[in-house]
Every structure is written in structure tokens, then in C-alpha cells.
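These notes concern the structure reproduced below.
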Amino acid sequence: MSFTEKEIAPLASIEEWEDDVLVRYPEPNTTAKTKDEYRNYDDPKRDTVREFYRLNHTYQTYDFVNQKENNFLKFDKKEMPVWDACDFLNTLVDDSDPDTDLDQLQHLLQTSESIRADGHPDWFVLTGFLHDLGKVLCLFGEPQWAVVGDTFPVGCQHSDKIVFPEFFAANPDSTDERYNTKYGVYEPNCGLRNVHMSWGHDEYLYQIMKDYMPEPALYMMRYHSFYAQHREHAYDHLMDAHDHEMFKWVDKFNPYDLYSKVPVAPNVKELKPYYQDLIAKYLPATLKF
Ligand SMILES: [Fe+2]
Ligand SMILES: [Fe+2]
């Protein structure tokens with residue numbers, strides 16, 4: 001399938017998705033918007049986010065995910081040391097405002113530094129530092145809606161707790177009886193390891209890291225955009241007891257991802273040696289993308 005420029009990049013910047021998640025799930029104790037306010041608020045960015053979700057919900061089918069997995073899980077695109085991968089990710093320039101928006105590396109460091117400041121184990125800090133590295137998919141020409149966006153299981157019924165559920169009407173899986181029942185191709189409580197998620201930076205990074213990081217870290221990487229579950233509990237029927245245990249870590253991670261953004265940029269030069277040591281402790285010299 002080929003897409004037009006506009007379909008590949010409906011957002012001025014992939015950050016518009018995370019900004020929108022933040023509006024949907026504001027930090028507790030700030031003035032929360034009601035669901036209706038969220039859906040109706042007047043913001044020109046909102047239209048591009050709607051279009052982003054329309055594309056995401058229309059094209060992320062069971063077959064689409066399988067094709068992406070077959071392609072990207074060959075890891076034949078690029079081989080890089082981790083820090084070079086961060087620099088590579090930082091070459092992602094879009095039309096966002098350079099004065100107000102933090103770059104990718106700054107978001108990673110703000111996330112990891114707030115985890116570190118709370119005294120969490122070093123692998124948790126490293127997870128914060130790595131969690132969005134899968135966004136390099138954008139640099140391989142992938143559409144924004146196949147890199148970021150809330151993730152959801154494919155191959156079974158779409159929950160109405162997923163943001164903009166009405167756009168799933170255009171997804172061919174919604175009318176395919178193999179995929180449109182509550183369990184679809186899955187068994188009740190089969191465990192998420194048996195479930196294919198919509199394709200994006202979470203699954204990609206998990207697959208790159210799966211031999212190197214402790215299991216709670218892998219859950220955080222793999223499911224950090226699965227808001228329909230960690231915020232809405234919409235897929236308990238596919239999860240097993242072990243998933244529930246591990247999702248405590250996903251819940252712990254999420255506020256650092258969403259609420260660590262501050263306008264002051266971290267001092268990359270000063271922090272680099274600490275992160276280089278941490279990378280060397282857990283990861284091989286180079287990673288295959
Ligand atoms: Fe992310
Ligand atoms: Fe993030």
C-alpha cells in the first residue's frame with residue numbers, strides 16, 4: 001500500500017500526538033478536562049490529531065501489522081551504537097516550533113532523569129532513556145500513524161475505550177468475522193505475549209531489547225502507549241495474571257513519560273558519561289535496527 005505525503009505525515013510533528021495524550025490524561029491535581037471537553041475543545045492542532053487517528057484506525061489491520069513485523073523484525077535496516085541511535089533519532093526534523101518543543105533526546109533525558117531523581121533502579125532509569133528510541137521508524141519513511149499513537153490489539157474487536165473509536169468503522173477488520181469478535185484470533189486470557197499490537201515504536205523497541213533488559217523494563221517499553229489498557233482497563237479479557245503483575249511497572253512508568261516535560265533542556269554533555277556507562281552495563285556495543 002502506498003500513501004500520499006499528507007497521509008504519511010498528518011501531524012506537523014509526532015509530538016502533537018503526545019501533547020494530545022497529555023490533554024486526555026492530565027496530571028492529577030491539575031484542572032482535568034471532562035470527556036466532553038476533551039472531545040470538543042477548540043484547537044487547530046486537534047484537527048490534525050483527528051486525521052492522524054482516522055488514518056491509524058483505518059489502516060492498522062491484522063495484515064498490516066503482520067507485514068510490518070515481517071519487514072522490521074529482520075533488523076536489516078541499520079546497525080548503530082545506542083548513543084548514535086539517539087543522535088540519529090534527533091535528526092528527525094519536522095515542522096514543530098523549534099523554540100518551544102524539546103527534541104527527542106531531551107524528552108528521553110527528562111524522562112530518565114526524573115526516574116533517577118526518584119531513586120529507582122538503574123535499569124528503570126535506562127528504560128526511561130530508551131523508551132522512544134523505536135521512533136527511528138519515522139526516519140525509515142514510515143507513516144507517523146505507524147510509529148506513534150495509542151496502541152491496541154489487532155485480530156479481535158476494537159474496544160470503544162480506545163480514543164476516537166468511531167474511526168474503526170473504516171478498518172476492514174471491523175467487518176471481517178475472523179477479527180471482529182471479542183476474542184477474534186485469541187483465547188480468553190491468553191496473555192499479551194500471544195497478542196499482536198498495532199504496529200509502532202513500542203513493539204519495535206521491545207523486539208530490539210528483548211534479550212538485554214529485565215522483564216519489567218520490557219513491559220514498560222512494549223506497552224507504554226497501550227492507554228486503552230493501562231488507563232482504561234479495556235483488555236483484561238486478553239491478559240493473564242502475569243501481565244497484571246507486570247503492568248504495575250507500566251503504570252509506574254507512564255507518569256514519567258507524560259509529566260516529566262519541563263521547558264529547561266537537560267545538559268546533554270554533562271549527562272552523557274553516566275548514560276554511556278549505563279548503556280554499557282546492559283546492552284551490546286551496537287544494536288541492529
Ligand atoms: Fe513513546
Ligand atoms: Fe515518550
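In the C-alpha cells, the first chain shown is A, the next is B, and so on; residue numbers restart at 1 for each chain, and ligands run from 1 in the order shown.
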Find the residues of chain A that sit at most 10 Å from ligand 1; for each, write down the nearest two atoms and how far apart they are in Å, to one decimal. Count only C-alpha atoms and all ligand atoms. Sort by chain, then by number going up, and give it as JSON lines.
```
{"residue": "A:Glu15", "atom": "CA", "partner": "ligand 1", "partner_atom_place_in_ligand_line": "1 (Fe)", "distance": 9.8}
{"residue": "A:Trp17", "atom": "CA", "partner": "ligand 1", "partner_atom_place_in_ligand_line": "1 (Fe)", "distance": 9.9}
{"residue": "A:Glu18", "atom": "CA", "partner": "ligand 1", "partner_atom_place_in_ligand_line": "1 (Fe)", "distance": 8.1}
{"residue": "A:His107", "atom": "CA", "partner": "ligand 1", "partner_atom_place_in_ligand_line": "1 (Fe)", "distance": 9.9}
{"residue": "A:Leu108", "atom": "CA", "partner": "ligand 1", "partner_atom_place_in_ligand_line": "1 (Fe)", "distance": 9.5}
{"residue": "A:Gly128", "atom": "CA", "partner": "ligand 1", "partner_atom_place_in_ligand_line": "1 (Fe)", "distance": 9.8}
{"residue": "A:Leu130", "atom": "CA", "partner": "ligand 1", "partner_atom_place_in_ligand_line": "1 (Fe)", "distance": 9.5}
{"residue": "A:His131", "atom": "CA", "partner": "ligand 1", "partner_atom_place_in_ligand_line": "1 (Fe)", "distance": 6.1}
{"residue": "A:Asp132", "atom": "CA", "partner": "ligand 1", "partner_atom_place_in_ligand_line": "1 (Fe)", "distance": 4.6}
{"residue": "A:Leu133", "atom": "CA", "partner": "ligand 1", "partner_atom_place_in_ligand_line": "1 (Fe)", "distance": 8.2}
{"residue": "A:Gly134", "atom": "CA", "partner": "ligand 1", "partner_atom_place_in_ligand_line": "1 (Fe)", "distance": 8.1}
{"residue": "A:Lys135", "atom": "CA", "partner": "ligand 1", "partner_atom_place_in_ligand_line": "1 (Fe)", "distance": 7.7}
{"residue": "A:Val147", "atom": "CA", "partner": "ligand 1", "partner_atom_place_in_ligand_line": "1 (Fe)", "distance": 9.0}
{"residue": "A:Val148", "atom": "CA", "partner": "ligand 1", "partner_atom_place_in_ligand_line": "1 (Fe)", "distance": 6.9}
{"residue": "A:Gly149", "atom": "CA", "partner": "ligand 1", "partner_atom_place_in_ligand_line": "1 (Fe)", "distance": 8.4}
{"residue": "A:Asp150", "atom": "CA", "partner": "ligand 1", "partner_atom_place_in_ligand_line": "1 (Fe)", "distance": 9.2}
{"residue": "A:Gly200", "atom": "CA", "partner": "ligand 1", "partner_atom_place_in_ligand_line": "1 (Fe)", "distance": 9.1}
{"residue": "A:His201", "atom": "CA", "partner": "ligand 1", "partner_atom_place_in_ligand_line": "1 (Fe)", "distance": 6.7}
{"residue": "A:Asp202", "atom": "CA", "partner": "ligand 1", "partner_atom_place_in_ligand_line": "1 (Fe)", "distance": 6.5}
{"residue": "A:Leu205", "atom": "CA", "partner": "ligand 1", "partner_atom_place_in_ligand_line": "1 (Fe)", "distance": 9.8}
{"residue": "A:Met220", "atom": "CA", "partner": "ligand 1", "partner_atom_place_in_ligand_line": "1 (Fe)", "distance": 9.8}
{"residue": "A:Met221", "atom": "CA", "partner": "ligand 1", "partner_atom_place_in_ligand_line": "1 (Fe)", "distance": 8.0}
{"residue": "A:Arg222", "atom": "CA", "partner": "ligand 1", "partner_atom_place_in_ligand_line": "1 (Fe)", "distance": 9.3}
{"residue": "A:Tyr223", "atom": "CA", "partner": "ligand 1", "partner_atom_place_in_ligand_line": "1 (Fe)", "distance": 9.1}
{"residue": "A:His224", "atom": "CA", "partner": "ligand 1", "partner_atom_place_in_ligand_line": "1 (Fe)", "distance": 6.4}
{"residue": "A:Ser225", "atom": "CA", "partner": "ligand 1", "partner_atom_place_in_ligand_line": "1 (Fe)", "distance": 6.1}
{"residue": "A:Phe226", "atom": "CA", "partner": "ligand 1", "partner_atom_place_in_ligand_line": "1 (Fe)", "distance": 9.9}
{"residue": "A:Asn254", "atom": "CA", "partner": "ligand 1", "partner_atom_place_in_ligand_line": "1 (Fe)", "distance": 9.6}
{"residue": "A:Asp257", "atom": "CA", "partner": "ligand 1", "partner_atom_place_in_ligand_line": "1 (Fe)", "distance": 7.5}
{"residue": "A:Leu258", "atom": "CA", "partner": "ligand 1", "partner_atom_place_in_ligand_line": "1 (Fe)", "distance": 9.4}
```
| message | Can you measure CA of Cys156 in chain A to CA of Arg231 in chain A for me? One decimal in Å is fine. | response | 19.5 Å
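The two atoms in question, CA of Asp243 in chain A and CA of Val154 in chain A, are spaced 17.6 Å apart.
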| query | Which parts of range 111-197 of chain A does DSSP call helix (DSSP H, G or I) when run on the backbone here, written out as a VMD selection string? | reply | chain A and resid 111 to 117 122 to 130 133 to 140 144 to 146 165 to 170 172 to 175 192 to 194
| Spatial neighbours of Leu287 in chain A, 6 Å, only C-alpha atoms, chain gap at least 4 places, as an MDAnalysis selection string | chainID A and resid 79:81
Writing out the chosen residues with C-alpha atoms as a PDB file, in the first residue's frame:
```
ATOM      1  CA  GLU A  79      23.401  -1.135  12.931  1.00  0.00           C
ATOM      2  CA  MET A  80      24.410   1.533  15.449  1.00  0.00           C
ATOM      3  CA  PRO A  81      25.774   2.054  18.967  1.00  0.00           C
TER       4      PRO A  81
END
```
| said: Between A:Pro121, A:Asp103, A:Phe88, A:Gly191, which residue has the minimum interatomic distance to ligand 2, considering only C-alpha atoms and all ligand atoms? | reply: A:Asp103
| Minimum-distance residue to ligand 2, chosen among A:Lys74, A:Lys261, A:Lys210, A:Arg178 (using only C-alpha atoms and all ligand atoms) |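 Smallest distance to ligand 2 is found for A:Lys261.
Proximity to ligand 2 was assessed for A:Pro255, A:Val49, A:Lys78, A:Gln276 counting only C-alpha atoms and all ligand atoms; the smallest distance is recorded for A:Pro255.
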| message | List as a PyMOL selection string the protein and nucleic acid residues near Leu11 in chain A, meaning an atom at most 12 Å away when only C-alpha atoms are counted, but skip any in the same chain fewer than 6 places from it. | response | chain A and resi 5+17-20+44-53+55+94-96+143-145+148-149
| said: Applying 8 Å and only C-alpha atoms, which residues near Ala170 in chain A remain after dropping the ones on its own chain fewer than 3 positions away? List them as JSON, numbers by chain. | reply: {"A": [57, 58, 167, 174]}
So that I have them on file, write out the residues from the current selection with C-alpha atoms, as a CSV table (one decimal), in the first residue's frame.
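Result file part_24.csv:
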```csv
chain,number,residue,atom,x,y,z
A,57,HIS,CA,-7.6,3.3,13.0
A,58,THR,CA,-8.3,2.7,9.3
A,167,PHE,CA,-12.8,5.6,13.1
A,174,SER,CA,-14.2,-4.5,11.8
```
| query | Which residue out of A:Tyr259, A:Tyr25, A:Phe152, A:Tyr212 has the minimum interatomic distance to ligand 2 when only C-alpha atoms and all ligand atoms are used? | reply |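 Result for the nearest residue to ligand 2: A:Tyr259.
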| request: Measuring atom to atom with only C-alpha atoms, identify which of A:Thr4, A:Trp199, A:Gly184, A:Asn29 is nearest to Asn70 in chain A. | output: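 Nearest candidate to Asn70 in chain A out of A:Thr4, A:Trp199, A:Gly184, A:Asn29: A:Trp199.
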| task | Using CA of Leu283 in chain A and CA of Phe129 in chain A as the two end points, give the distance in Å to one decimal. | result |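 Rounded to one decimal, the two atoms are 12.8 Å apart.
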| message | Neighbouring residues of range 61-66 of chain A were defined as those with any atom within 10 Å, considering only C-alpha atoms; residues of the same chain fewer than 6 positions away were excluded. Please report them as a PyMOL selection string. | response | chain A and resi 1+146+153-156+168+171-174+179+185+196-200
Atoms to include: C-alpha atoms. Write the selected residues as a CSV table (one decimal), in the first residue's frame.
```
chain,number,residue,atom,x,y,z
A,1,MET,CA,0.0,0.0,0.0
A,146,ALA,CA,2.6,3.5,12.2
A,153,PRO,CA,-4.6,-5.3,20.0
A,154,VAL,CA,-5.3,-6.3,16.4
A,155,GLY,CA,-7.1,-9.5,15.4
A,156,CYS,CA,-10.0,-9.0,17.8
A,168,PHE,CA,-12.5,1.9,13.4
A,171,ASN,CA,-11.0,-0.6,9.3
A,172,PRO,CA,-11.5,-3.7,7.2
A,173,ASP,CA,-11.0,-6.0,10.3
A,174,SER,CA,-14.2,-4.5,11.8
A,179,TYR,CA,-11.2,-10.5,13.7
A,185,VAL,CA,-8.0,-15.0,16.8
A,196,HIS,CA,-0.3,-8.7,18.2
A,197,MET,CA,-0.5,-5.0,19.0
A,198,SER,CA,-0.9,-2.2,16.4
A,199,TRP,CA,2.5,-1.5,14.9
A,200,GLY,CA,4.6,1.3,16.2
```
| So, counting only C-alpha atoms and all ligand atoms, which residue among A:Val82, A:Leu238, A:Leu109, A:Ala117 is closest to ligand 2? |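 Checking each of A:Val82, A:Leu238, A:Leu109, A:Ala117 against ligand 2, counting only C-alpha atoms and all ligand atoms, the winner is A:Leu109.
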| Non-local contacts of Ala241 in chain A (10 Å; only C-alpha atoms; under 5 positions in same chain excluded) as a PyMOL selection string | chain A and resi 189-191+236+246-247
